[in-house]
file data-v7.pdb (PDB, C-alpha atoms, pLDDT in the B column)
ATOM      1  CA  MET A   1      20.755  13.237  -0.837  1.00 46.00           C
ATOM      2  CA  LYS A   2      19.468  16.714  -1.603  1.00 51.00           C
ATOM      3  CA  SER A   3      17.728  17.594  -4.829  1.00 54.00           C
ATOM      4  CA  LYS A   4      19.692  20.051  -7.000  1.00 71.00           C
ATOM      5  CA  ARG A   5      16.948  22.632  -7.450  1.00 80.00           C
ATOM      6  CA  SER A   6      17.778  26.250  -8.222  1.00 87.00           C
ATOM      7  CA  ARG A   7      16.487  29.333 -10.024  1.00 92.00           C
ATOM      8  CA  LEU A   8      16.965  29.507 -13.763  1.00 93.00           C
ATOM      9  CA  ASP A   9      18.646  32.935 -13.679  1.00 93.00           C
ATOM     10  CA  ARG A  10      21.213  31.805 -11.123  1.00 92.00           C
ATOM     11  CA  TYR A  11      22.007  28.724 -13.145  1.00 92.00           C
ATOM     12  CA  LEU A  12      22.444  30.753 -16.352  1.00 94.00           C
ATOM     13  CA  ALA A  13      24.582  33.400 -14.652  1.00 93.00           C
ATOM     14  CA  LYS A  14      26.951  30.714 -13.414  1.00 92.00           C
ATOM     15  CA  GLU A  15      26.936  28.669 -16.621  1.00 91.00           C
ATOM     16  CA  LEU A  16      27.334  31.611 -19.014  1.00 94.00           C
ATOM     17  CA  VAL A  17      29.544  33.640 -16.656  1.00 94.00           C
ATOM     18  CA  GLN A  18      27.341  36.707 -17.049  1.00 93.00           C
ATOM     19  CA  PRO A  19      25.792  39.170 -14.553  1.00 94.00           C
ATOM     20  CA  LYS A  20      22.083  38.819 -13.821  1.00 91.00           C
ATOM     21  CA  LYS A  21      21.336  42.008 -15.760  1.00 93.00           C
ATOM     22  CA  VAL A  22      22.633  40.362 -18.938  1.00 95.00           C
ATOM     23  CA  ILE A  23      20.808  37.121 -18.108  1.00 93.00           C
ATOM     24  CA  ARG A  24      17.534  39.051 -17.790  1.00 93.00           C
ATOM     25  CA  GLN A  25      18.023  40.468 -21.290  1.00 94.00           C
ATOM     26  CA  ILE A  26      18.854  37.030 -22.695  1.00 95.00           C
ATOM     27  CA  LEU A  27      15.667  35.601 -21.217  1.00 94.00           C
ATOM     28  CA  LEU A  28      13.465  38.472 -22.414  1.00 94.00           C
ATOM     29  CA  GLN A  29      14.881  38.003 -25.917  1.00 94.00           C
ATOM     30  CA  GLY A  30      13.543  34.434 -25.888  1.00 95.00           C
ATOM     31  CA  ARG A  31      16.974  32.895 -26.331  1.00 94.00           C
ATOM     32  CA  VAL A  32      16.507  30.246 -23.619  1.00 94.00           C
ATOM     33  CA  LYS A  33      14.420  27.108 -23.951  1.00 93.00           C
ATOM     34  CA  LEU A  34      13.426  25.070 -20.919  1.00 93.00           C
ATOM     35  CA  ASP A  35      12.245  21.532 -21.655  1.00 89.00           C
ATOM     36  CA  GLY A  36      11.637  22.498 -25.282  1.00 91.00           C
ATOM     37  CA  GLU A  37       9.689  25.713 -24.583  1.00 93.00           C
ATOM     38  CA  VAL A  38      10.892  29.327 -24.610  1.00 95.00           C
ATOM     39  CA  CYS A  39      11.195  30.512 -21.005  1.00 94.00           C
ATOM     40  CA  LYS A  40      11.441  34.184 -19.991  1.00 93.00           C
ATOM     41  CA  ASP A  41      10.855  33.655 -16.259  1.00 92.00           C
ATOM     42  CA  MET A  42      13.989  34.425 -14.221  1.00 88.00           C
ATOM     43  CA  ASP A  43      12.485  32.899 -11.091  1.00 90.00           C
ATOM     44  CA  LYS A  44      11.633  29.598 -12.772  1.00 92.00           C
ATOM     45  CA  LEU A  45      12.822  26.661 -10.673  1.00 92.00           C
ATOM     46  CA  ILE A  46      14.891  24.013 -12.410  1.00 89.00           C
ATOM     47  CA  ASP A  47      16.559  20.784 -11.325  1.00 85.00           C
ATOM     48  CA  GLU A  48      19.280  18.487 -12.601  1.00 84.00           C
ATOM     49  CA  PHE A  49      16.887  16.932 -15.136  1.00 87.00           C
ATOM     50  CA  SER A  50      15.647  20.164 -16.705  1.00 87.00           C
ATOM     51  CA  HIS A  51      16.654  20.345 -20.383  1.00 88.00           C
ATOM     52  CA  ILE A  52      18.147  23.814 -20.896  1.00 93.00           C
ATOM     53  CA  LYS A  53      19.159  25.290 -24.234  1.00 93.00           C
ATOM     54  CA  PHE A  54      20.717  28.712 -24.920  1.00 94.00           C
ATOM     55  CA  ASP A  55      20.471  29.696 -28.599  1.00 94.00           C
ATOM     56  CA  GLU A  56      21.693  26.478 -30.276  1.00 89.00           C
ATOM     57  CA  GLN A  57      23.821  25.385 -27.331  1.00 93.00           C
ATOM     58  CA  VAL A  58      22.520  22.656 -25.011  1.00 92.00           C
ATOM     59  CA  LEU A  59      23.589  23.568 -21.490  1.00 92.00           C
ATOM     60  CA  GLN A  60      22.002  20.669 -19.619  1.00 85.00           C
ATOM     61  CA  SER A  61      20.438  17.418 -20.780  1.00 81.00           C
ATOM     62  CA  LEU A  62      20.860  14.932 -17.929  1.00 84.00           C
ATOM     63  CA  GLN A  63      18.332  12.094 -17.922  1.00 88.00           C
ATOM     64  CA  PRO A  64      17.074  10.354 -14.770  1.00 92.00           C
ATOM     65  CA  VAL A  65      18.259   6.788 -14.256  1.00 95.00           C
ATOM     66  CA  TYR A  66      16.417   4.137 -12.237  1.00 96.00           C
ATOM     67  CA  ILE A  67      17.963   0.681 -11.833  1.00 97.00           C
ATOM     68  CA  MET A  68      16.757  -2.517 -10.163  1.00 97.00           C
ATOM     69  CA  LEU A  69      19.520  -4.814  -8.922  1.00 97.00           C
ATOM     70  CA  HIS A  70      19.281  -8.341  -7.516  1.00 98.00           C
ATOM     71  CA  LYS A  71      21.898  -7.907  -4.816  1.00 97.00           C
ATOM     72  CA  PRO A  72      23.755 -11.085  -3.870  1.00 97.00           C
ATOM     73  CA  VAL A  73      25.053 -11.981  -0.422  1.00 97.00           C
ATOM     74  CA  GLY A  74      28.662 -10.850   0.033  1.00 95.00           C
ATOM     75  CA  VAL A  75      28.349  -7.592  -1.925  1.00 96.00           C
ATOM     76  CA  VAL A  76      28.283  -4.295  -0.029  1.00 94.00           C
ATOM     77  CA  SER A  77      25.743  -1.536  -0.592  1.00 93.00           C
ATOM     78  CA  ALA A  78      28.362   1.123  -1.213  1.00 88.00           C
ATOM     79  CA  THR A  79      29.935   2.963  -4.104  1.00 84.00           C
ATOM     80  CA  LYS A  80      33.486   2.240  -2.918  1.00 85.00           C
ATOM     81  CA  ASP A  81      34.968  -0.404  -0.632  1.00 84.00           C
ATOM     82  CA  LEU A  82      38.555  -1.588  -0.226  1.00 83.00           C
ATOM     83  CA  GLN A  83      37.646  -5.087   0.986  1.00 86.00           C
ATOM     84  CA  HIS A  84      34.486  -6.215  -0.803  1.00 88.00           C
ATOM     85  CA  LYS A  85      32.847  -6.022  -4.199  1.00 93.00           C
ATOM     86  CA  THR A  86      30.296  -3.189  -4.316  1.00 95.00           C
ATOM     87  CA  VAL A  87      26.911  -2.995  -6.008  1.00 95.00           C
ATOM     88  CA  LEU A  88      28.350  -0.517  -8.521  1.00 94.00           C
ATOM     89  CA  ASP A  89      30.853  -3.185  -9.578  1.00 94.00           C
ATOM     90  CA  LEU A  90      27.871  -5.252 -10.743  1.00 95.00           C
ATOM     91  CA  ILE A  91      26.308  -2.536 -12.903  1.00 94.00           C
ATOM     92  CA  ASP A  92      27.173  -1.744 -16.495  1.00 90.00           C
ATOM     93  CA  HIS A  93      25.803   1.738 -17.162  1.00 91.00           C
ATOM     94  CA  PRO A  94      27.567   4.860 -18.504  1.00 89.00           C
ATOM     95  CA  GLN A  95      26.223   6.967 -15.626  1.00 87.00           C
ATOM     96  CA  LYS A  96      26.780   4.457 -12.846  1.00 88.00           C
ATOM     97  CA  ASN A  97      29.233   6.699 -10.992  1.00 89.00           C
ATOM     98  CA  GLU A  98      26.483   9.332 -10.675  1.00 89.00           C
ATOM     99  CA  LEU A  99      24.095   6.910  -8.977  1.00 93.00           C
ATOM    100  CA  HIS A 100      23.293   6.596  -5.294  1.00 93.00           C
ATOM    101  CA  ILE A 101      21.741   3.692  -3.394  1.00 94.00           C
ATOM    102  CA  VAL A 102      18.131   3.811  -2.229  1.00 93.00           C
ATOM    103  CA  GLY A 103      17.868   1.953   1.079  1.00 88.00           C
ATOM    104  CA  ARG A 104      20.988  -0.093   1.680  1.00 90.00           C
ATOM    105  CA  LEU A 105      21.118  -3.832   2.327  1.00 94.00           C
ATOM    106  CA  ASP A 106      23.843  -5.191   4.584  1.00 92.00           C
ATOM    107  CA  LEU A 107      26.578  -7.547   3.416  1.00 94.00           C
ATOM    108  CA  ASN A 108      24.678 -10.746   4.194  1.00 95.00           C
ATOM    109  CA  THR A 109      21.275  -9.597   2.917  1.00 96.00           C
ATOM    110  CA  SER A 110      20.188 -10.262  -0.668  1.00 97.00           C
ATOM    111  CA  GLY A 111      17.348  -9.096  -2.879  1.00 97.00           C
ATOM    112  CA  LEU A 112      15.898  -5.930  -4.360  1.00 98.00           C
ATOM    113  CA  LEU A 113      18.164  -2.912  -4.356  1.00 97.00           C
ATOM    114  CA  LEU A 114      17.383   0.335  -6.181  1.00 97.00           C
ATOM    115  CA  LEU A 115      19.900   2.837  -7.551  1.00 96.00           C
ATOM    116  CA  THR A 116      19.200   6.233  -9.097  1.00 95.00           C
ATOM    117  CA  ASN A 117      20.504   9.721  -9.770  1.00 93.00           C
ATOM    118  CA  ASP A 118      17.084  11.179  -8.889  1.00 93.00           C
ATOM    119  CA  SER A 119      17.357  12.446  -5.303  1.00 89.00           C
ATOM    120  CA  ARG A 120      13.729  13.569  -5.105  1.00 89.00           C
ATOM    121  CA  TRP A 121      12.538  10.040  -5.940  1.00 93.00           C
ATOM    122  CA  SER A 122      14.878   8.369  -3.466  1.00 92.00           C
ATOM    123  CA  ASN A 123      13.923  10.831  -0.722  1.00 90.00           C
ATOM    124  CA  LYS A 124      10.246   9.997  -1.209  1.00 90.00           C
ATOM    125  CA  LEU A 125      11.038   6.310  -0.860  1.00 91.00           C
ATOM    126  CA  MET A 126      13.138   6.699   2.271  1.00 86.00           C
ATOM    127  CA  GLN A 127      11.328   9.399   4.248  1.00 84.00           C
ATOM    128  CA  PRO A 128       9.714   7.665   7.278  1.00 77.00           C
ATOM    129  CA  GLU A 129       6.569   9.800   7.087  1.00 83.00           C
ATOM    130  CA  ASN A 130       5.758   8.310   3.662  1.00 86.00           C
ATOM    131  CA  LYS A 131       5.647   4.818   5.217  1.00 86.00           C
ATOM    132  CA  ILE A 132       6.778   2.999   2.068  1.00 91.00           C
ATOM    133  CA  PRO A 133       6.748  -0.710   3.033  1.00 93.00           C
ATOM    134  CA  LYS A 134       9.741  -2.980   2.470  1.00 94.00           C
ATOM    135  CA  ARG A 135       8.971  -6.674   2.296  1.00 96.00           C
ATOM    136  CA  TYR A 136      11.446  -9.414   3.260  1.00 97.00           C
ATOM    137  CA  ARG A 137      11.616 -13.203   3.273  1.00 98.00           C
ATOM    138  CA  VAL A 138      13.323 -14.358   6.464  1.00 98.00           C
ATOM    139  CA  GLN A 139      14.782 -17.706   7.432  1.00 98.00           C
ATOM    140  CA  LEU A 140      15.296 -18.309  11.151  1.00 98.00           C
ATOM    141  CA  ALA A 141      17.491 -20.641  13.169  1.00 98.00           C
ATOM    142  CA  ASN A 142      14.606 -21.744  15.421  1.00 98.00           C
ATOM    143  CA  PRO A 143      10.869 -22.348  14.949  1.00 98.00           C
ATOM    144  CA  ILE A 144       8.692 -19.224  14.813  1.00 97.00           C
ATOM    145  CA  HIS A 145       5.957 -18.980  17.441  1.00 96.00           C
ATOM    146  CA  PRO A 146       2.595 -17.410  16.508  1.00 96.00           C
ATOM    147  CA  ASP A 147       3.001 -14.996  19.430  1.00 95.00           C
ATOM    148  CA  TYR A 148       5.597 -13.156  17.333  1.00 96.00           C
ATOM    149  CA  ILE A 149       2.837 -11.753  15.125  1.00 97.00           C
ATOM    150  CA  GLU A 150       1.287  -9.600  17.848  1.00 96.00           C
ATOM    151  CA  SER A 151       4.679  -8.334  19.029  1.00 95.00           C
ATOM    152  CA  PHE A 152       5.642  -7.271  15.513  1.00 96.00           C
ATOM    153  CA  ALA A 153       2.306  -5.469  15.124  1.00 96.00           C
ATOM    154  CA  LYS A 154       2.847  -3.508  18.344  1.00 94.00           C
ATOM    155  CA  GLY A 155       6.400  -2.439  17.493  1.00 93.00           C
ATOM    156  CA  PHE A 156       9.659  -2.821  19.413  1.00 93.00           C
ATOM    157  CA  TYR A 157      11.448  -0.301  21.575  1.00 92.00           C
ATOM    158  CA  PHE A 158      15.060   0.148  20.479  1.00 90.00           C
ATOM    159  CA  GLU A 159      16.979   1.569  23.415  1.00 85.00           C
ATOM    160  CA  TYR A 160      19.985   2.740  21.396  1.00 81.00           C
ATOM    161  CA  GLU A 161      17.857   5.026  19.163  1.00 84.00           C
ATOM    162  CA  GLN A 162      15.249   5.553  21.926  1.00 86.00           C
ATOM    163  CA  ILE A 163      12.427   4.909  19.470  1.00 87.00           C
ATOM    164  CA  THR A 164       9.607   2.425  19.071  1.00 91.00           C
ATOM    165  CA  THR A 165       9.405   0.899  15.615  1.00 90.00           C
ATOM    166  CA  LEU A 166       6.301   1.361  13.530  1.00 91.00           C
ATOM    167  CA  PRO A 167       3.908  -1.615  13.390  1.00 93.00           C
ATOM    168  CA  ALA A 168       5.297  -4.424  11.244  1.00 95.00           C
ATOM    169  CA  GLN A 169       3.478  -7.266   9.530  1.00 95.00           C
ATOM    170  CA  LEU A 170       4.651 -10.837  10.104  1.00 97.00           C
ATOM    171  CA  GLU A 171       3.359 -13.778   8.071  1.00 97.00           C
ATOM    172  CA  ILE A 172       4.579 -17.252   9.042  1.00 98.00           C
ATOM    173  CA  ILE A 173       4.944 -19.380   5.918  1.00 97.00           C
ATOM    174  CA  ALA A 174       6.929 -22.317   7.332  1.00 97.00           C
ATOM    175  CA  GLU A 175       8.254 -23.521  10.676  1.00 97.00           C
ATOM    176  CA  ARG A 176      11.401 -21.411  10.330  1.00 98.00           C
ATOM    177  CA  GLU A 177      10.437 -19.034   7.523  1.00 98.00           C
ATOM    178  CA  ALA A 178       8.376 -15.829   7.428  1.00 98.00           C
ATOM    179  CA  ILE A 179       7.509 -12.781   5.361  1.00 98.00           C
ATOM    180  CA  VAL A 180       8.055  -9.478   7.165  1.00 97.00           C
ATOM    181  CA  SER A 181       6.898  -6.040   6.028  1.00 96.00           C
ATOM    182  CA  ILE A 182       8.357  -2.933   7.691  1.00 94.00           C
ATOM    183  CA  GLN A 183       7.731   0.750   6.983  1.00 90.00           C
ATOM    184  CA  GLU A 184      11.132   2.061   8.024  1.00 86.00           C
ATOM    185  CA  GLY A 185      14.745   0.954   7.832  1.00 80.00           C
ATOM    186  CA  LYS A 186      16.478   1.130  11.192  1.00 83.00           C
ATOM    187  CA  TYR A 187      19.925  -0.425  11.531  1.00 84.00           C
ATOM    188  CA  HIS A 188      19.587  -4.225  11.180  1.00 90.00           C
ATOM    189  CA  GLN A 189      15.925  -3.762  12.085  1.00 93.00           C
ATOM    190  CA  VAL A 190      14.557  -7.158  11.027  1.00 95.00           C
ATOM    191  CA  LYS A 191      17.410  -9.047  12.683  1.00 95.00           C
ATOM    192  CA  ARG A 192      17.024  -7.040  15.872  1.00 94.00           C
ATOM    193  CA  MET A 193      13.279  -7.677  16.025  1.00 95.00           C
ATOM    194  CA  PHE A 194      13.754 -11.429  15.836  1.00 97.00           C
ATOM    195  CA  GLY A 195      16.644 -11.051  18.263  1.00 95.00           C
ATOM    196  CA  ARG A 196      14.113 -10.122  20.953  1.00 94.00           C
ATOM    197  CA  PHE A 197      12.997 -13.762  20.801  1.00 96.00           C
ATOM    198  CA  ARG A 198      16.605 -15.024  20.706  1.00 97.00           C
ATOM    199  CA  ASN A 199      15.910 -16.411  17.263  1.00 97.00           C
ATOM    200  CA  PRO A 200      18.827 -15.611  14.932  1.00 97.00           C
ATOM    201  CA  VAL A 201      18.170 -14.706  11.319  1.00 97.00           C
ATOM    202  CA  VAL A 202      19.901 -17.213   9.045  1.00 97.00           C
ATOM    203  CA  ALA A 203      19.005 -15.564   5.720  1.00 98.00           C
ATOM    204  CA  LEU A 204      17.327 -12.286   4.759  1.00 98.00           C
ATOM    205  CA  HIS A 205      16.086 -11.418   1.272  1.00 98.00           C
ATOM    206  CA  ARG A 206      14.245  -8.233   0.250  1.00 97.00           C
ATOM    207  CA  LEU A 207      11.315  -8.997  -2.023  1.00 97.00           C
ATOM    208  CA  SER A 208       9.821  -5.572  -2.670  1.00 96.00           C
ATOM    209  CA  VAL A 209       9.793  -1.832  -2.021  1.00 95.00           C
ATOM    210  CA  GLY A 210       6.357  -0.227  -2.100  1.00 93.00           C
ATOM    211  CA  GLY A 211       4.470  -1.758  -5.004  1.00 93.00           C
ATOM    212  CA  LEU A 212       7.662  -2.747  -6.848  1.00 95.00           C
ATOM    213  CA  SER A 213       8.787  -6.362  -6.569  1.00 95.00           C
ATOM    214  CA  LEU A 214      12.119  -7.882  -7.543  1.00 96.00           C
ATOM    215  CA  ASP A 215      12.043  -9.181 -11.106  1.00 95.00           C
ATOM    216  CA  ASN A 216      12.143 -12.974 -10.774  1.00 91.00           C
ATOM    217  CA  SER A 217      14.010 -13.222 -14.074  1.00 93.00           C
ATOM    218  CA  LEU A 218      17.016 -11.414 -12.599  1.00 96.00           C
ATOM    219  CA  GLU A 219      19.675 -13.768 -11.272  1.00 97.00           C
ATOM    220  CA  ALA A 220      21.745 -12.690  -8.280  1.00 96.00           C
ATOM    221  CA  GLY A 221      24.118  -9.970  -9.464  1.00 96.00           C
ATOM    222  CA  GLU A 222      21.999  -8.971 -12.465  1.00 97.00           C
ATOM    223  CA  SER A 223      20.311  -5.606 -12.951  1.00 96.00           C
ATOM    224  CA  ARG A 224      18.062  -3.744 -15.369  1.00 96.00           C
ATOM    225  CA  MET A 225      16.559  -0.326 -15.918  1.00 96.00           C
ATOM    226  CA  LEU A 226      13.127   0.302 -14.448  1.00 96.00           C
ATOM    227  CA  MET A 227      10.268   0.879 -16.841  1.00 94.00           C
ATOM    228  CA  PRO A 228       8.423   4.222 -16.418  1.00 92.00           C
ATOM    229  CA  ASN A 229       5.441   2.621 -14.684  1.00 93.00           C
ATOM    230  CA  GLU A 230       7.764   0.818 -12.246  1.00 95.00           C
ATOM    231  CA  VAL A 231       9.259   4.119 -11.103  1.00 94.00           C
ATOM    232  CA  PHE A 232       5.795   5.062  -9.837  1.00 92.00           C
ATOM    233  CA  MET A 233       5.058   1.560  -8.530  1.00 91.00           C
ATOM    234  CA  ALA A 234       7.830   1.881  -5.964  1.00 92.00           C
ATOM    235  CA  LEU A 235       5.908   4.783  -4.395  1.00 90.00           C
ATOM    236  CA  GLU A 236       2.536   3.028  -4.466  1.00 83.00           C
ATOM    237  CA  GLU A 237       0.693   0.849  -1.985  1.00 71.00           C
ATOM    238  CA  PRO A 238       1.733  -2.728  -2.758  1.00 67.00           C
ATOM    239  CA  LYS A 239      -0.594  -5.274  -4.330  1.00 56.00           C
ATOM    240  CA  TRP A 240       1.039  -8.528  -3.383  1.00 46.00           C
ATOM    241  CA  SER A 241       0.429 -11.960  -4.773  1.00 44.00           C
ATOM    242  CA  GLU A 242       1.630 -15.188  -3.250  1.00 43.00           C
ATOM    243  CA  ASP A 243       5.318 -15.855  -3.863  1.00 43.00           C
TER     244      ASP A 243
END
call {"tool": "encode", "arguments": {"input": "data-v7.pdb", "output": "structure tokens"}}
result
Amino acid sequence: MKSKRSRLDRYLAKELVQPKKVIRQILLQGRVKLDGEVCKDMDKLIDEFSHIKFDEQVLQSLQPVYIMLHKPVGVVSATKDLQHKTVLDLIDHPQKNELHIVGRLDLNTSGLLLLTNDSRWSNKLMQPENKIPKRYRVQLANPIHPDYIESFAKGFYFEYEQITTLPAQLEIIAEREAIVSIQEGKYHQVKRMFGRFRNPVVALHRLSVGGLSLDNSLEAGESRMLMPNEVFMALEEPKWSED
């Protein structure tokens, strides 16, 4: 999703239905405040969260929203679906219809799901070059062999996309259970990696994104707003403790 950045003069011309010549005069007269300060710069870049005031009229005052959801199995990561309950159906927020999903989880995957109206934030989280790790707990149908660890670290060639996955971290925590950390989100990536060993994934649960972990107090289907420090934690290198 693209960020809604534009020049202040263009925004004002459209909002006030005035030619740019008039907008220039309005700005020079100090009649426009941007984020609480008088702004006379026509070229000033704004986005959807810039607070803009003309005289005593507030033209824009949208606030960013960041939500953590404990997604249950059987709920789709979509805003609309004719067959299944969607993640938006689980959220009670006045701006929920303005939100988009940051890194979808498939129908049978549970765990941490993030929703926001801040496209710049979500783009940072999802861009492959930023290598934001996503951490999962995986239950397998068959015992996990230690040889898997080296294969995950080397990456897997996916013929359909004609790419080799970035190195992934595999930690075996039980005979049929592991923690996997990946830095990208290819289609059914974790399931396909274990599929190379003909070991079906029985259950998949996302524990964290970046340095942000799922709140253990949230039951499946529950959500809450992120605190300001958590918004930044999602973009940080994780500091994991034992689960």
call {"tool": "resolve_selection", "arguments": {"input": "data-v7.pdb", "expression": "the PyMOL selection byres ((chain A and resi 34) around 12)", "output": "MDAnalysis selection string"}}
result
chainID A and resid 8:9 12 27 30:33 35:42 44:47 49:55 58:61
call {"tool": "closest_residue", "arguments": {"input": "data-v7.pdb", "among": "A:Ile23, A:Val87, A:Leu125, A:Ile67", "to": "Met227 (chain A)", "atoms": "all atoms listed in the file"}}
result
A:Ile67
call {"tool": "axis_aligned_box", "arguments": {"input": "data-v7.pdb", "around": "region 228-233 of chain A", "padding_each_side": "3 Å", "output": "lines of an AutoDock Vina configuration file"}}
result
center_x = 7.2
center_y = 2.9
center_z = -12.5
size_x = 10.2
size_y = 10.2
size_z = 13.9
call {"tool": "atom_distance", "arguments": {"input": "data-v7.pdb", "atom1": "CA of Asp89 (chain A)", "atom2": "CA of Gly74 (chain A)"}}
result
12.5 Å
call {"tool": "resolve_selection", "arguments": {"input": "data-v7.pdb", "expression": "the PyMOL selection byres ((chain A and resi 180-196) around 7)", "output": "ChimeraX atom specification"}}
result
/A:128,131-137,156,166,168-171,178-179,197-201
call {"tool": "residues_around", "arguments": {"input": "data-v7.pdb", "residues": "Met68 (chain A)", "least_positions_apart": "6", "cutoff": "10 Å", "atoms": "only C-alpha atoms", "output": "list in words"}}
result
Ile91, Gly111, Leu112, Leu113, Leu114, Leu115, Thr116, Leu212, Ser213, Leu214, Asp215, Leu218, Glu222, Ser223, Arg224, Met225, Leu226, Met227 and Glu230 of chain A
call {"tool": "write_last_selection", "arguments": {"input": "data-v7.pdb", "atoms": "C-alpha atoms", "output": "CSV table (one decimal), in the frame of the given file"}}
result
chain,number,residue,atom,x,y,z
A,91,ILE,CA,26.3,-2.5,-12.9
A,111,GLY,CA,17.3,-9.1,-2.9
A,112,LEU,CA,15.9,-5.9,-4.4
A,113,LEU,CA,18.2,-2.9,-4.4
A,114,LEU,CA,17.4,0.3,-6.2
A,115,LEU,CA,19.9,2.8,-7.6
A,116,THR,CA,19.2,6.2,-9.1
A,212,LEU,CA,7.7,-2.7,-6.8
A,213,SER,CA,8.8,-6.4,-6.6
A,214,LEU,CA,12.1,-7.9,-7.5
A,215,ASP,CA,12.0,-9.2,-11.1
A,218,LEU,CA,17.0,-11.4,-12.6
A,222,GLU,CA,22.0,-9.0,-12.5
A,223,SER,CA,20.3,-5.6,-13.0
A,224,ARG,CA,18.1,-3.7,-15.4
A,225,MET,CA,16.6,-0.3,-15.9
A,226,LEU,CA,13.1,0.3,-14.4
A,227,MET,CA,10.3,0.9,-16.8
A,230,GLU,CA,7.8,0.8,-12.2
call {"tool": "resolve_selection", "arguments": {"input": "data-v7.pdb", "expression": "the PyMOL selection byres ((chain A and resi 98-105) around 6)", "output": "JSON, numbers by chain"}}
result
{"A": [77, 95, 96, 97, 106, 109, 114, 115, 116, 117, 122]}
call {"tool": "closest_residue", "arguments": {"input": "data-v7.pdb", "among": "A:Leu69, A:Ala174, A:Ile149, A:Leu16", "to": "Ser217 (chain A)", "atoms": "only C-alpha atoms"}}
result
A:Leu69
call {"tool": "atom_distance", "arguments": {"input": "data-v7.pdb", "atom1": "CA of Val138 (chain A)", "atom2": "CA of Ala203 (chain A)"}}
result
5.9 Å
call {"tool": "closest_residue", "arguments": {"input": "data-v7.pdb", "among": "A:Ser119, A:Ala220, A:Gln57, A:Glu15", "to": "Leu90 (chain A)", "atoms": "only C-alpha atoms"}}
result
A:Ala220
call {"tool": "atom_distance", "arguments": {"input": "data-v7.pdb", "atom1": "CA of Asn142 (chain A)", "atom2": "CA of Arg206 (chain A)"}}
result
20.3 Å
